[in-house]
Structures are given as C-alpha cells and as structure tokens.
Amino acid sequence: MQDMEKQEAQTAQQDPQSQDAAAAAHATEQAAPAEPTLEDKLAAAEARAAEMQDAFLRARAEGENIRRRAQEDIAKAHKFAIEGFAESLLAVKDSLEMALKIENASLESLKEGVDMTLKQLTSAFDKNKLQEVSPQTGDKLDPMKHQAVSAVPAEQEANTVVAVLQKGYMISDRLLRPALVTVAQGK
C-alpha cells in the first residue's frame, strides 16, 4: 500500500496535467450515472405495467359501482314513484270511511260529504298532474285524446263531438285513458 502511495505521489509530481485529466475522468465517472441495464429497464417497465393494471382495475370497479348504484336508484324510483299519489289519496279514503260510519245521515249531509270528498280527490289529481280530458260539444275529434264509440246523425260538422260518455285522463303529457265520445256522422 505504501508503494502505491509513493507511486501516486511521484506521478503527481512528474505530470500535473495528467493529474488534472485523471481527476476530470474520475469526476465524470461519478457524475454520469451508469446506463441502466436491461434488467433495470425490465423491472421499471413491469412496475409501471403493474401500476397501470391497478389503476385500470380500480377504474373498472368504480364504473361498475356507479352502474350498480344507478340501477338501484332507478329501481327505487320505480318502486316508490306512486308514493306521493298514494299519500294524497289517503285523505279521500279517510273521508269515505267516515261517511260510511255515520248512521241516520240525511241526504243533504251525504251529498255535502261526497262533494267535499270529490274536492279532495280533484286536489290529489291536480297535485300529481292528473288532468281531465273532457271535450266540449262541437270540438273536433282528436284521436290522440278521444275514442269515438259511435257516430250519430247531428246538425253539426262531421267528426265533431256530440256527447261525452266518459271523461278521459292524462298524466302530464301522457294519455292514461281516452275520453269516450259520440261523434257526428257525415251528412
């Protein structure tokens, strides 16, 4: 070991330029990282692939969870869609039951009770967007809202409403039941 130190000292004394070159070469070796080997590149690629697969699986699971929650929400909406309408009809049922419990009711009080119950029912229909389809005499037959039961001779234009036999109903813009009408025959 002493021999090596002596040799280095002699070399340093003899050629200062070569000493600078050796130091620069030594510094470059330390500063420049060694190029990664194929094994290092493979390990890095495998790690990145594992991260990507994990991210993909998490995204797929999240998508499935969102789809499942949406299906559950739709099922609940279908199941409980009538809840508001049913709740508004409870008052009508209560009124009818109370009317039946009254003994020796006069015709006038029964008529008044039925009228009040009809108002409750109409209020429930309005609240839940259930609208009557009741054409007036002389209105044109609308096959999207009316069903002609018969055609009768009349003094009005053909295919116009002569009489309404039964009212129709719509929920929002959807026909629930067409109005049953008689129409005027062509002359």
# chains A, B, ... in the order shown; residues from 1 in each chain; ligands from 1

call {"tool": "select_by_dssp", "arguments": {"residues": "stretch 60-168 of chain A", "states": "strand (DSSP E)", "output": "list in words"}}
result
Leu130, Gln131, Glu132, Val133, His146, Gln147, Ala148, Val149, Ser150, Ala151, Val152, Val161, Val162, Ala163, Val164, Leu165, Gln166 and Gly168 of chain A

call {"tool": "closest_atom_pairs", "arguments": {"of": "stretch 116-162 of chain A", "to": "stretch 167-170 of chain A", "cutoff": "8 Å", "atoms": "only C-alpha atoms", "output": "CSV"}}
result
residue,atom,partner,partner_atom,distance
A:Leu130,CA,A:Met170,CA,5.6
A:Gln131,CA,A:Met170,CA,5.2
A:Glu132,CA,A:Tyr169,CA,4.6
A:Val133,CA,A:Gly168,CA,4.5
A:Ser134,CA,A:Lys167,CA,5.2
A:Lys145,CA,A:Gly168,CA,7.4
A:His146,CA,A:Gly168,CA,7.5

call {"tool": "write_last_selection", "arguments": {"atoms": "N, CA and C atoms", "output": "CSV table (one decimal), in the first residue's frame"}}
result
chain,number,residue,atom,x,y,z
A,130,LEU,N,-102.5,14.9,-12.8
A,130,LEU,CA,-103.5,14.1,-13.5
A,130,LEU,C,-104.6,15.0,-13.9
A,131,GLN,N,-104.7,15.2,-15.3
A,131,GLN,CA,-105.7,16.1,-15.8
A,131,GLN,C,-106.8,15.4,-16.5
A,132,GLU,N,-108.0,16.1,-16.5
A,132,GLU,CA,-109.1,15.5,-17.2
A,132,GLU,C,-109.0,15.9,-18.7
A,133,VAL,N,-109.6,14.9,-19.5
A,133,VAL,CA,-109.7,15.2,-20.9
A,133,VAL,C,-111.3,15.1,-21.1
A,134,SER,N,-111.8,16.3,-21.2
A,134,SER,CA,-113.3,16.4,-21.3
A,134,SER,C,-113.6,17.4,-22.5
A,145,LYS,N,-106.6,11.8,-28.0
A,145,LYS,CA,-107.2,12.0,-26.7
A,145,LYS,C,-108.6,11.5,-26.6
A,146,HIS,N,-109.3,11.2,-27.7
A,146,HIS,CA,-110.7,10.8,-27.7
A,146,HIS,C,-110.8,9.5,-28.4

call {"tool": "residues_around", "arguments": {"residues": "stretch 94-104 of chain A", "least_positions_apart": "6", "cutoff": "12 Å", "atoms": "only C-alpha atoms", "output": "CSV table (one decimal) with N, CA and C atoms, in the first residue's frame"}}
result
chain,number,residue,atom,x,y,z
A,87,GLU,N,-100.2,8.8,-1.1
A,87,GLU,CA,-100.3,9.7,0.1
A,87,GLU,C,-101.5,10.7,-0.1
A,88,SER,N,-101.6,11.3,-1.2
A,88,SER,CA,-102.7,12.3,-1.4
A,88,SER,C,-104.1,11.6,-1.5
A,110,LEU,N,-125.0,13.7,3.3
A,110,LEU,CA,-124.3,12.8,2.4
A,110,LEU,C,-123.8,13.5,1.1
A,111,LYS,N,-124.7,14.3,0.6
A,111,LYS,CA,-124.3,15.0,-0.7
A,111,LYS,C,-123.2,16.0,-0.4
A,112,GLU,N,-123.2,16.7,0.7
A,112,GLU,CA,-122.2,17.6,1.1
A,112,GLU,C,-120.8,16.8,1.4
A,113,GLY,N,-120.9,15.7,2.0
A,113,GLY,CA,-119.7,14.9,2.2
A,113,GLY,C,-119.1,14.4,0.9
A,114,VAL,N,-120.0,13.9,0.0
A,114,VAL,CA,-119.5,13.4,-1.3
A,114,VAL,C,-118.8,14.6,-2.1
A,115,ASP,N,-119.4,15.8,-2.0
A,115,ASP,CA,-118.9,16.9,-2.7
A,115,ASP,C,-117.5,17.3,-2.1
A,116,MET,N,-117.3,17.2,-0.8
A,116,MET,CA,-116.1,17.5,-0.1
A,116,MET,C,-115.0,16.5,-0.5
A,117,THR,N,-115.4,15.2,-0.6
A,117,THR,CA,-114.5,14.1,-1.0
A,117,THR,C,-114.1,14.3,-2.4
A,118,LEU,N,-115.0,14.7,-3.3
A,118,LEU,CA,-114.7,14.9,-4.7
A,118,LEU,C,-113.6,16.1,-4.8
A,119,LYS,N,-113.8,17.1,-4.0
A,119,LYS,CA,-112.8,18.2,-4.0
A,119,LYS,C,-111.4,17.7,-3.5
A,120,GLN,N,-111.4,16.8,-2.5
A,120,GLN,CA,-110.1,16.2,-2.1
A,120,GLN,C,-109.5,15.4,-3.2
A,121,LEU,N,-110.3,14.6,-3.9
A,121,LEU,CA,-109.8,13.8,-5.0
A,121,LEU,C,-109.3,14.7,-6.1

call {"tool": "atom_distance", "arguments": {"atom1": "atom CA of A:Asn65", "atom2": "atom CA of A:Gly84"}}
result
29.0 Å

call {"tool": "residues_around", "arguments": {"residues": "A:Lys140", "least_positions_apart": "3", "cutoff": "8 Å", "atoms": "only C-alpha atoms", "output": "list in words"}}
result
Asn159, Thr160 and Val161 of chain A

call {"tool": "write_last_selection", "arguments": {"atoms": "C-alpha atoms", "output": "short mmCIF file (atom, residue, chain, number, x, y, z; two decimals), in the first residue's frame"}}
result
data_model
loop_
_atom_site.label_atom_id
_atom_site.label_comp_id
_atom_site.auth_asym_id
_atom_site.auth_seq_id
_atom_site.Cartn_x
_atom_site.Cartn_y
_atom_site.Cartn_z
CA ASN A 159 -116.27 14.11 -36.84
CA THR A 160 -117.09 16.59 -34.10
CA VAL A 161 -118.01 15.64 -30.54
#
